[in-house]
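Colleague: Pasting start_39.tsv below, which is TSV, C-alpha atoms and all ligand atoms.
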chain	number	residue	atom	x	y	z
A	167	MET	CA	24.75	5.85	-16.56
A	168	VAL	CA	26.56	8.81	-15.00
A	169	GLU	CA	27.18	10.08	-18.54
A	170	ALA	CA	23.61	9.38	-19.71
A	171	GLY	CA	22.20	11.07	-16.63
A	172	LYS	CA	24.11	14.34	-16.97
A	173	GLY	CA	21.68	17.27	-16.90
A	174	LYS	CA	18.67	14.93	-16.81
A	175	GLN	CA	15.92	14.42	-14.27
A	176	LEU	CA	16.25	10.88	-12.93
A	177	VAL	CA	13.00	9.14	-11.92
A	178	LEU	CA	13.14	5.95	-9.89
A	179	PHE	CA	10.71	3.04	-10.00
A	180	LEU	CA	11.37	0.34	-7.45
A	181	ASP	CA	9.75	-3.05	-7.09
A	182	TYR	CA	9.39	-4.26	-3.47
A	183	ASP	CA	9.79	-8.04	-2.91
A	184	GLY	CA	13.17	-9.34	-3.98
A	185	THR	CA	14.32	-5.79	-4.77
A	186	LEU	CA	14.03	-3.75	-1.57
A	187	SER	CA	13.49	-6.75	0.69
A	188	PRO	CA	14.98	-10.23	0.45
A	189	ILE	CA	12.73	-13.14	-0.54
A	190	VAL	CA	11.62	-14.99	2.61
A	191	GLU	CA	9.41	-18.02	3.31
A	192	ASP	CA	6.57	-16.06	4.89
A	193	PRO	CA	5.21	-13.19	2.73
A	194	ASP	CA	3.95	-11.43	5.87
A	195	ARG	CA	7.51	-11.16	7.15
A	196	ALA	CA	9.19	-9.65	4.09
A	197	PHE	CA	10.47	-6.67	6.03
A	198	MET	CA	12.80	-4.11	4.55
A	199	SER	CA	15.86	-3.23	6.62
A	200	ASP	CA	16.13	0.15	8.35
A	201	ALA	CA	19.23	0.84	6.26
A	202	MET	CA	17.25	0.23	3.06
A	203	ARG	CA	14.41	2.48	4.30
A	204	THR	CA	16.89	5.28	5.06
A	205	THR	CA	18.43	4.84	1.61
A	206	VAL	CA	15.05	4.97	-0.18
A	207	LYS	CA	14.07	8.03	1.86
A	208	GLU	CA	17.27	9.76	0.87
A	209	VAL	CA	16.96	8.82	-2.78
A	210	ALA	CA	13.39	10.23	-2.77
A	211	THR	CA	14.62	13.62	-1.58
A	212	HIS	CA	16.72	13.89	-4.75
A	213	PHE	CA	14.61	12.08	-7.36
A	214	PRO	CA	10.87	11.42	-7.84
A	215	THR	CA	10.49	7.85	-6.55
A	216	ALA	CA	7.71	5.27	-6.79
A	217	ILE	CA	7.29	1.75	-5.45
A	218	ILE	CA	5.57	-0.55	-7.93
A	219	SER	CA	4.51	-3.85	-6.37
A	220	GLY	CA	2.28	-6.86	-6.84
A	221	ARG	CA	1.23	-6.46	-3.21
A	222	SER	CA	-1.80	-4.49	-2.13
A	223	ARG	CA	-0.86	-0.84	-1.82
A	224	ASP	CA	-1.72	-0.83	1.91
A	225	LYS	CA	0.53	-3.81	2.57
A	226	VAL	CA	3.50	-2.41	0.70
A	227	TYR	CA	3.03	0.95	2.45
A	228	GLU	CA	3.00	-0.88	5.80
A	229	PHE	CA	6.42	-2.32	4.92
A	230	VAL	CA	7.97	0.84	3.44
A	231	GLN	CA	6.36	3.54	5.62
A	232	LEU	CA	7.53	6.55	3.63
A	233	ALA	CA	4.72	9.05	2.96
A	234	GLU	CA	6.72	11.04	0.42
A	235	LEU	CA	6.76	8.27	-2.21
A	236	PHE	CA	4.28	7.27	-4.88
A	237	TYR	CA	2.91	3.75	-4.54
A	238	ALA	CA	1.43	1.50	-7.20
A	239	GLY	CA	0.04	-1.69	-5.62
A	240	SER	CA	-1.69	-4.69	-7.28
A	241	HIS	CA	0.85	-4.71	-10.12
A	242	GLY	CA	0.15	-1.07	-10.92
A	243	MET	CA	-3.65	-1.21	-10.64
A	244	ASP	CA	-3.80	0.86	-7.45
A	245	ILE	CA	-1.80	4.07	-7.67
A	246	MET	CA	-1.54	6.70	-4.96
A	247	GLY	CA	0.78	9.55	-4.10
A	248	PRO	CA	1.03	12.95	-2.46
A	249	ALA	CA	-1.09	15.51	-4.36
A	250	GLU	CA	1.66	18.12	-4.30
A	251	GLY	CA	3.79	15.65	-6.28
A	252	TYR	CA	7.49	16.13	-6.50
A	253	HIS	CA	8.90	19.53	-5.59
A	254	GLY	CA	5.49	21.15	-6.01
A	255	VAL	CA	4.61	19.61	-9.43
A	256	LYS	CA	0.81	19.26	-9.38
A	257	VAL	CA	-0.14	15.66	-10.08
A	258	ASP	CA	-3.06	14.62	-12.30
A	259	GLY	CA	-5.63	12.14	-11.00
A	260	THR	CA	-8.61	11.88	-8.68
A	261	ARG	CA	-8.00	13.78	-5.46
A	262	GLY	CA	-8.83	12.62	-1.95
A	263	MET	CA	-7.55	12.52	1.61
A	264	ASP	CA	-5.52	9.80	3.31
A	265	GLU	CA	-6.13	8.66	6.91
A	266	GLN	CA	-3.80	11.35	8.22
A	267	GLY	CA	-5.74	14.09	6.38
A	268	ASN	CA	-3.08	14.66	3.70
A	269	GLU	CA	-4.25	15.45	0.17
A	270	ILE	CA	-3.52	12.58	-2.20
A	271	VAL	CA	-4.14	11.60	-5.80
A	272	PHE	CA	-5.16	8.11	-6.80
A	273	PHE	CA	-5.91	6.06	-9.89
A	274	GLN	CA	-7.52	2.60	-9.82
A	275	PRO	CA	-8.22	1.28	-13.33
A	276	ALA	CA	-9.53	-2.08	-12.04
A	277	SER	CA	-11.79	-0.83	-9.24
A	278	GLU	CA	-14.89	-2.58	-10.64
A	279	PHE	CA	-13.11	-5.94	-10.06
A	280	LEU	CA	-12.94	-5.62	-6.29
A	281	PRO	CA	-16.11	-7.67	-5.49
A	282	MET	CA	-14.91	-10.35	-7.93
A	283	MET	CA	-11.47	-10.51	-6.30
A	284	ASN	CA	-13.12	-10.93	-2.88
A	285	GLU	CA	-15.12	-13.87	-4.25
A	286	VAL	CA	-12.03	-15.38	-5.88
A	287	CYS	CA	-10.16	-15.17	-2.61
A	288	LYS	CA	-12.87	-17.16	-0.85
A	289	ALA	CA	-13.03	-19.73	-3.66
A	290	LEU	CA	-9.26	-20.22	-3.53
A	291	GLU	CA	-9.38	-20.61	0.25
A	292	GLN	CA	-12.00	-23.31	-0.11
A	293	ARG	CA	-10.14	-25.15	-2.86
A	294	SER	CA	-6.70	-25.09	-1.22
A	295	LYS	CA	-7.70	-25.81	2.36
A	296	ASN	CA	-6.45	-29.41	2.20
A	297	ILE	CA	-3.09	-28.57	0.62
A	298	GLN	CA	-0.59	-28.01	3.37
A	299	GLY	CA	1.53	-24.90	3.10
A	300	ALA	CA	-0.66	-23.15	0.51
A	301	LYS	CA	-1.12	-19.49	1.42
A	302	ILE	CA	-3.47	-16.98	-0.13
A	303	GLU	CA	-2.72	-13.27	-0.14
A	304	HIS	CA	-5.45	-10.82	-1.10
A	305	ASN	CA	-3.68	-8.08	-3.00
A	306	LYS	CA	-6.87	-6.07	-3.59
A	307	TYR	CA	-7.06	-6.11	-7.41
A	308	CYS	CA	-5.25	-9.43	-7.69
A	309	VAL	CA	-4.98	-12.53	-5.53
A	310	SER	CA	-1.81	-14.54	-4.91
A	311	MET	CA	-1.63	-18.24	-4.19
A	312	HIS	CA	1.78	-18.88	-2.62
A	313	PHE	CA	3.31	-22.35	-2.90
A	314	ARG	CA	6.79	-21.74	-1.42
A	315	ARG	CA	5.81	-23.82	1.62
A	316	VAL	CA	3.94	-26.52	-0.31
A	317	LYS	CA	5.72	-29.83	-0.88
A	318	GLU	CA	6.84	-30.07	-4.49
A	319	GLU	CA	4.80	-33.23	-5.04
A	320	ASN	CA	1.64	-31.14	-4.34
A	321	TRP	CA	2.42	-28.21	-6.67
A	322	GLN	CA	0.52	-29.75	-9.57
A	323	ALA	CA	-2.57	-30.45	-7.45
A	324	LEU	CA	-2.56	-26.86	-6.20
A	325	ALA	CA	-2.16	-25.46	-9.72
A	326	GLU	CA	-5.16	-27.57	-10.83
A	327	GLU	CA	-7.30	-26.14	-8.02
A	328	VAL	CA	-6.32	-22.62	-9.07
A	329	GLN	CA	-7.23	-23.46	-12.69
A	330	LYS	CA	-10.65	-24.68	-11.55
A	331	VAL	CA	-11.32	-21.34	-9.87
A	332	LEU	CA	-10.05	-19.46	-12.91
A	333	LYS	CA	-12.51	-21.32	-15.18
A	334	ASN	CA	-15.39	-19.60	-13.35
A	335	TYR	CA	-13.91	-16.16	-13.93
A	336	PRO	CA	-13.28	-15.59	-17.64
A	337	LYS	CA	-12.48	-11.92	-16.98
A	338	LEU	CA	-9.36	-12.91	-15.04
A	339	PHE	CA	-6.03	-14.38	-16.12
A	340	LEU	CA	-3.23	-16.27	-14.43
A	341	THR	CA	0.41	-15.28	-14.09
A	342	GLN	CA	3.28	-16.93	-12.26
A	343	GLY	CA	5.91	-15.24	-10.14
A	344	ARG	CA	8.45	-16.56	-7.66
A	345	LYS	CA	6.67	-19.59	-6.19
A	346	VAL	CA	3.38	-17.77	-6.52
A	347	LEU	CA	0.39	-18.02	-8.87
A	348	GLU	CA	-1.63	-14.87	-9.33
A	349	LEU	CA	-5.12	-14.20	-10.61
A	350	ARG	CA	-5.59	-10.72	-12.04
A	351	PRO	CA	-8.14	-8.81	-14.11
A	352	SER	CA	-7.72	-9.09	-17.89
A	353	ILE	CA	-7.41	-5.38	-18.46
A	354	ALA	CA	-4.78	-3.65	-20.54
A	355	TRP	CA	-2.86	-2.52	-17.49
A	356	ASP	CA	0.40	-3.69	-15.95
A	357	LYS	CA	3.53	-2.32	-14.27
A	358	GLY	CA	4.65	-0.81	-17.60
A	359	LYS	CA	1.39	1.12	-17.94
A	360	ALA	CA	1.73	2.26	-14.33
A	361	VAL	CA	5.19	3.67	-15.10
A	362	GLU	CA	3.77	5.58	-18.06
A	363	TYR	CA	0.87	6.88	-15.97
A	364	LEU	CA	3.17	8.06	-13.19
A	365	MET	CA	5.57	9.80	-15.56
A	366	LYS	CA	2.66	11.69	-17.06
A	367	ALA	CA	0.98	12.39	-13.74
A	368	LEU	CA	4.22	13.81	-12.38
A	369	GLY	CA	4.37	16.20	-15.29
A	370	LEU	CA	7.66	14.69	-16.45
A	371	GLY	CA	6.55	12.88	-19.59
A	372	PHE	CA	9.21	10.96	-21.48
A	373	SER	CA	11.22	13.81	-22.92
A	374	ASP	CA	14.97	13.62	-23.60
A	375	ASP	CA	15.78	15.41	-20.38
A	376	VAL	CA	14.16	12.72	-18.23
A	377	LEU	CA	15.90	9.44	-17.38
A	378	PRO	CA	13.61	6.79	-15.87
A	379	VAL	CA	15.23	3.89	-13.98
A	380	TYR	CA	13.27	0.75	-13.08
A	381	ILE	CA	14.63	-1.93	-10.73
A	382	GLY	CA	12.77	-5.23	-10.29
A	383	ASP	CA	13.30	-8.96	-9.87
A	384	ASP	CA	10.22	-10.74	-11.16
A	385	GLN	CA	8.21	-11.66	-14.23
A	386	THR	CA	5.71	-8.80	-13.87
A	387	ASP	CA	8.58	-6.28	-13.86
A	388	GLU	CA	9.35	-7.32	-17.44
A	389	ASP	CA	6.39	-5.20	-18.68
A	390	ALA	CA	8.04	-2.13	-17.15
A	391	PHE	CA	11.48	-3.06	-18.51
A	392	LYS	CA	9.96	-3.23	-22.01
A	393	VAL	CA	8.35	0.20	-21.69
A	394	LEU	CA	11.61	1.77	-20.58
A	395	ASN	CA	13.67	0.10	-23.30
A	396	GLU	CA	11.34	0.37	-26.25
A	397	LYS	CA	9.92	3.81	-25.75
A	398	HIS	CA	11.97	5.83	-23.39
A	399	ASN	CA	15.69	5.11	-23.40
A	400	GLY	CA	15.51	4.41	-19.70
A	401	TYR	CA	17.54	2.09	-17.50
A	402	SER	CA	15.97	-1.29	-16.84
A	403	ILE	CA	17.70	-3.25	-14.09
A	404	LEU	CA	16.95	-6.87	-13.17
A	405	VAL	CA	17.73	-8.07	-9.64
A	406	SER	CA	18.93	-11.65	-9.89
A	407	ASN	CA	21.92	-13.69	-8.86
A	408	VAL	CA	21.42	-16.16	-11.69
A	409	ALA	CA	21.36	-15.64	-15.46
A	410	LYS	CA	17.75	-15.19	-16.69
A	411	ARG	CA	15.97	-14.39	-19.92
A	412	THR	CA	14.92	-10.77	-19.43
A	413	ASN	CA	14.11	-7.49	-21.12
A	414	ALA	CA	16.30	-5.65	-18.65
A	415	SER	CA	19.55	-4.14	-19.88
A	416	PHE	CA	21.45	-4.31	-16.60
A	417	SER	CA	21.47	-6.39	-13.46
A	418	LEU	CA	22.18	-6.25	-9.76
A	419	ARG	CA	22.54	-9.43	-7.72
A	420	ASP	CA	20.37	-8.82	-4.67
A	421	PRO	CA	18.78	-6.14	-2.44
A	422	SER	CA	22.15	-5.29	-0.86
A	423	GLU	CA	23.50	-4.39	-4.31
A	424	VAL	CA	20.29	-2.42	-4.97
A	425	MET	CA	20.95	-0.43	-1.79
A	426	ALA	CA	24.57	0.26	-2.79
A	427	PHE	CA	23.39	1.37	-6.23
A	428	LEU	CA	20.78	3.75	-4.76
A	429	GLN	CA	23.40	5.19	-2.40
A	430	SER	CA	25.73	5.78	-5.34
A	431	LEU	CA	22.95	7.71	-7.12
A	432	VAL	CA	22.59	10.00	-4.10
A	433	LYS	CA	26.37	10.58	-3.96
A	434	TRP	CA	26.43	11.30	-7.69
A	435	LYS	CA	23.57	13.80	-7.32
A	436	LEU	CA	25.25	15.59	-4.42
A	437	ARG	CA	28.54	15.74	-6.30
A	438	SER	CA	26.97	17.11	-9.46
A	439	SER	CA	25.00	19.75	-7.48
A	440	LEU	CA	28.25	20.87	-5.83
A	441	GLU	CA	29.98	21.08	-9.22
A	442	GLN	CA	27.10	23.12	-10.64
A	443	ASN	CA	27.10	25.52	-7.70
A	444	SER	CA	30.85	26.09	-7.88
A	445	SER	CA	30.96	26.70	-11.64
B	501	LIG	O1	5.94	-6.93	-7.32
B	501	LIG	P1	6.58	-7.39	-6.05
B	501	LIG	O2	6.68	-6.30	-5.02
B	501	LIG	O3	7.90	-8.08	-6.28
B	501	LIG	O4	5.57	-8.49	-5.48
B	501	LIG	C1	5.47	-9.76	-6.11
B	501	LIG	C2	4.96	-10.75	-5.10
B	501	LIG	O5	5.85	-10.63	-3.98
B	501	LIG	C3	5.51	-11.33	-2.79
B	501	LIG	O6	5.82	-12.70	-2.96
B	501	LIG	C4	7.18	-12.97	-3.15
B	501	LIG	O7	7.90	-12.58	-1.94
B	501	LIG	C5	7.54	-13.32	-0.75
B	501	LIG	C6	8.31	-12.72	0.42
B	501	LIG	O8	9.68	-12.72	0.20
B	501	LIG	C7	7.85	-14.81	-0.97
B	501	LIG	O9	7.50	-15.57	0.18
B	501	LIG	C8	7.07	-15.30	-2.20
B	501	LIG	O10	7.40	-16.65	-2.47
B	501	LIG	C9	7.40	-14.45	-3.43
B	501	LIG	O11	6.57	-14.80	-4.53
B	501	LIG	C10	4.09	-11.09	-2.38
B	501	LIG	O12	3.79	-11.87	-1.24
B	501	LIG	C11	3.12	-11.34	-3.53
B	501	LIG	O13	1.81	-11.05	-3.13
B	501	LIG	C12	3.54	-10.41	-4.67
B	501	LIG	O14	2.66	-10.51	-5.76
Let me see the structure of the file written as structure tokens.
Ligand SMILES: O=P(O)(O)OC[C@H]1O[C@H](O[C@H]2O[C@H](CO)[C@@H](O)[C@H](O)[C@H]2O)[C@H](O)[C@@H](O)[C@@H]1O
Modeller:
Amino acid sequence: MVEAGKGKQLVLFLDYDGTLSPIVEDPDRAFMSDAMRTTVKEVATHFPTAIISGRSRDKVYEFVQLAELFYAGSHGMDIMGPAEGYHGVKVDGTRGMDEQGNEIVFFQPASEFLPMMNEVCKALEQRSKNIQGAKIEHNKYCVSMHFRRVKEENWQALAEEVQKVLKNYPKLFLTQGRKVLELRPSIAWDKGKAVEYLMKALGLGFSDDVLPVYIGDDQTDEDAFKVLNEKHNGYSILVSNVAKRTNASFSLRDPSEVMAFLQSLVKWKLRSSLEQNSS
């Protein structure tokens, strides 16, 4: 990668759960370590960096707390970032203000689905209330039904309840992640599309002098891996400590290896800047 990256602008796309934070029982407690936050902050000073998560954008921001990054929540359906972009590159998109009064750009291709997702959330709550351990997470443009804390013998019953809800919403579809079922709008948008949008919005495009890197651990990251491999000669990296069928070309075992990898990118960047300045 050091060779491939020579003279190119690296762009980093990072998934959150299982990539920057370890998988834990309670989704509300999936905190990222301070060391990881420092590392991501540092990496973002050298390379345009975006977090692309299945979580709601607000929730993932609450965990990461770095204003300088781009965020794509709801599996890419809720994109927001600083309007001045990266090193002054003006970013395309609808402009607005965040709560702190900073100018931002945002893009929400599934915004019309919000009332439907609110309804779905209520329906799932109703249908799962007697299944112990089931937990619903409203991720704005998608809804997650967690079953990590449900006894295995009740998984089937829970899946059937989710299917019953889905039947009433033909404009939604079901995906499965790590002990989670997710209902999302059937629109032609996913984490791969979000990567393409961000590359364009950042004014980087997919030219030969840009090297996108995507790191993720879950099924929905596969869409982004495909985009990087098929179209853009990028680096797709799966986070997993077991062998898995994947579109990714490389792998790291866990978030601690992700952190070490990100730190090595920073060192490499500093070294190559020094070399350039002394030549
Ligand atoms: O795209 P991601 O950032 O990886 O988000 C995917 C889902 O991650 C979260 O769930 C997963 O992590 C939880 C905390 O470690 C774990 O308890 C759960 O079993 C995992 O599926 C998140 O809570 C979901 O809403 C995201 O869609």
Colleague: Using all atoms listed in the file, which of A:Gln342, A:Asn413, A:Thr211, A:Gln429 sits nearest ligand LIG 501 (chain B)?
Modeller: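 Using all atoms listed in the file, the shortest distance to ligand LIG 501 (chain B) belongs to A:Gln342.
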Colleague: For a quick check of understanding, using all atoms listed in the file, which of A:Leu377, A:Ala238, A:Leu364, A:Leu280 has the smallest distance to ligand LIG 501 (chain B)?
Modeller: A:Ala238
Colleague: Write as a list in words the residues around ligand LIG 501 (chain B), taking 6 Å as the cut-off and counting all atoms listed in the file.
Modeller: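 The neighbouring residues of ligand LIG 501 (chain B) are, in order, Asp181, Tyr182, Asp183, Gly184, Pro188, Ile189, Val190, Glu191, Asp192, Pro193, Ala196, Ser219, Gly220, Arg221, Glu303, Ser310, Arg314, Gly343, Arg344, Lys345 and Val346 of chain A.
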Colleague: Between A:Gly259, A:His241, A:Lys433, A:Gly382, which residue has the minimum interatomic distance to Thr341 (chain A), considering all atoms listed in the file?
Modeller: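 The shortest atom-to-atom distance to Thr341 (chain A) comes from A:His241.
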Colleague: Would you mind reading off the distance between CA of Tyr401 (chain A) and CA of Val376 (chain A), one decimal, in Å?
Modeller: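 Between CA of Tyr401 (chain A) and CA of Val376 (chain A) the gap works out to 11.2 Å.
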Colleague: Find the smallest box with edges along x, y and z containing every listed atom of region 390-396 of chain A, then add 5 Å on each side and report centre and edge lengths in Å to one decimal, as AutoDock Vina command-line options.
Modeller:
--center_x 10.9 --center_y -0.7 --center_z -21.7 --size_x 15.6 --size_y 15.0 --size_z 19.1
Colleague: Rounded to one decimal place, report the CA of Ala390 (chain A)-CA of Leu370 (chain A) distance in Å.
Modeller: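 Rounded to one decimal, the two atoms are 16.8 Å apart.
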Colleague: Excluding Phe391 (chain A) and any residue of its chain fewer than 5 positions from it, enumerate the residues within 9 Å of it, using only C-alpha atoms, and give them as a PyMOL selection string.
Modeller: chain A and resi 358+380-382+396+400-404+412-415
Colleague: Report the distance between CA of Ser439 (chain A) and CA of Leu180 (chain A) in Å, rounded to one decimal place.
Modeller: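 Interatomic distance here is 23.7 Å.
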Colleague: So that I can check the surroundings of region 260-263 of chain A, please list as a VMD selection string every protein, DNA and RNA residue that reaches within 12 Å of it, counting only C-alpha atoms and ignoring chain neighbours fewer than 4 positions away.
Modeller: chain A and resid 245 to 251 256 267 to 275 367
Colleague: Taking all atoms listed in the file into account, which of A:Arg315, A:Lys357, A:His304, A:Lys295 comes nearest Ala216 (chain A)?
Modeller: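 Closest residue, counting all atoms listed in the file: A:Lys357.
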Colleague: Out of A:Val209, A:Met167, A:Val226, A:Ala409, which residue has the shortest atom-to-atom distance to Asp383 (chain A) when counting all atoms listed in the file?
Modeller: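 Residue with the minimum atom-to-atom distance to Asp383 (chain A): A:Ala409.
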Colleague: Taking into account only C-alpha atoms, which residue in the set A:Asn334, A:Ser352, A:Thr204, A:Ser294 is nearest to Gln322 (chain A)?
Modeller: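 Checking each candidate against Gln322 (chain A), we get A:Ser294 as the closest.
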Colleague: Can you pull out the residues contacting region 285-291 of chain A? Cut-off 8 Å, using all atoms listed in the file, and skip same-chain residues under 4 positions away; I want them as a list in words.
Modeller: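 The residues satisfying every condition are Pro281, Lys295, Ile302, His304, Val309, Met311, Glu327, Val328 and Val331 of chain A.
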Colleague: Mind filling out region 397-408 of chain A with N, CA and C atoms and sending it as a CSV table (one decimal), keeping the file's coordinate frame?
Modeller:
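Once written, out_20.csv looks like this:
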chain,number,residue,atom,x,y,z
A,397,LYS,N,10.4,2.5,-25.5
A,397,LYS,CA,9.9,3.8,-25.8
A,397,LYS,C,10.8,4.9,-25.2
A,398,HIS,N,11.5,4.7,-24.1
A,398,HIS,CA,12.0,5.8,-23.4
A,398,HIS,C,13.4,5.9,-23.1
A,399,ASN,N,14.3,5.0,-23.7
A,399,ASN,CA,15.7,5.1,-23.4
A,399,ASN,C,16.0,5.1,-21.9
A,400,GLY,N,15.3,4.4,-21.1
A,400,GLY,CA,15.5,4.4,-19.7
A,400,GLY,C,16.5,3.3,-19.3
A,401,TYR,N,16.7,3.1,-18.0
A,401,TYR,CA,17.5,2.1,-17.5
A,401,TYR,C,16.7,1.0,-16.8
A,402,SER,N,16.7,-0.2,-17.4
A,402,SER,CA,16.0,-1.3,-16.8
A,402,SER,C,17.0,-2.2,-16.2
A,403,ILE,N,16.7,-2.5,-14.9
A,403,ILE,CA,17.7,-3.2,-14.1
A,403,ILE,C,17.0,-4.5,-13.4
A,404,LEU,N,17.5,-5.6,-13.8
A,404,LEU,CA,17.0,-6.9,-13.2
A,404,LEU,C,17.7,-7.2,-11.9
A,405,VAL,N,17.0,-7.6,-10.8
A,405,VAL,CA,17.7,-8.1,-9.6
A,405,VAL,C,17.7,-9.6,-9.7
A,406,SER,N,18.9,-10.2,-9.8
A,406,SER,CA,18.9,-11.6,-9.9
A,406,SER,C,20.4,-12.1,-9.7
A,407,ASN,N,20.5,-13.2,-9.0
A,407,ASN,CA,21.9,-13.7,-8.9
A,407,ASN,C,22.2,-14.9,-9.8
A,408,VAL,N,21.2,-15.1,-10.7
A,408,VAL,CA,21.4,-16.2,-11.7
A,408,VAL,C,21.1,-15.6,-13.1
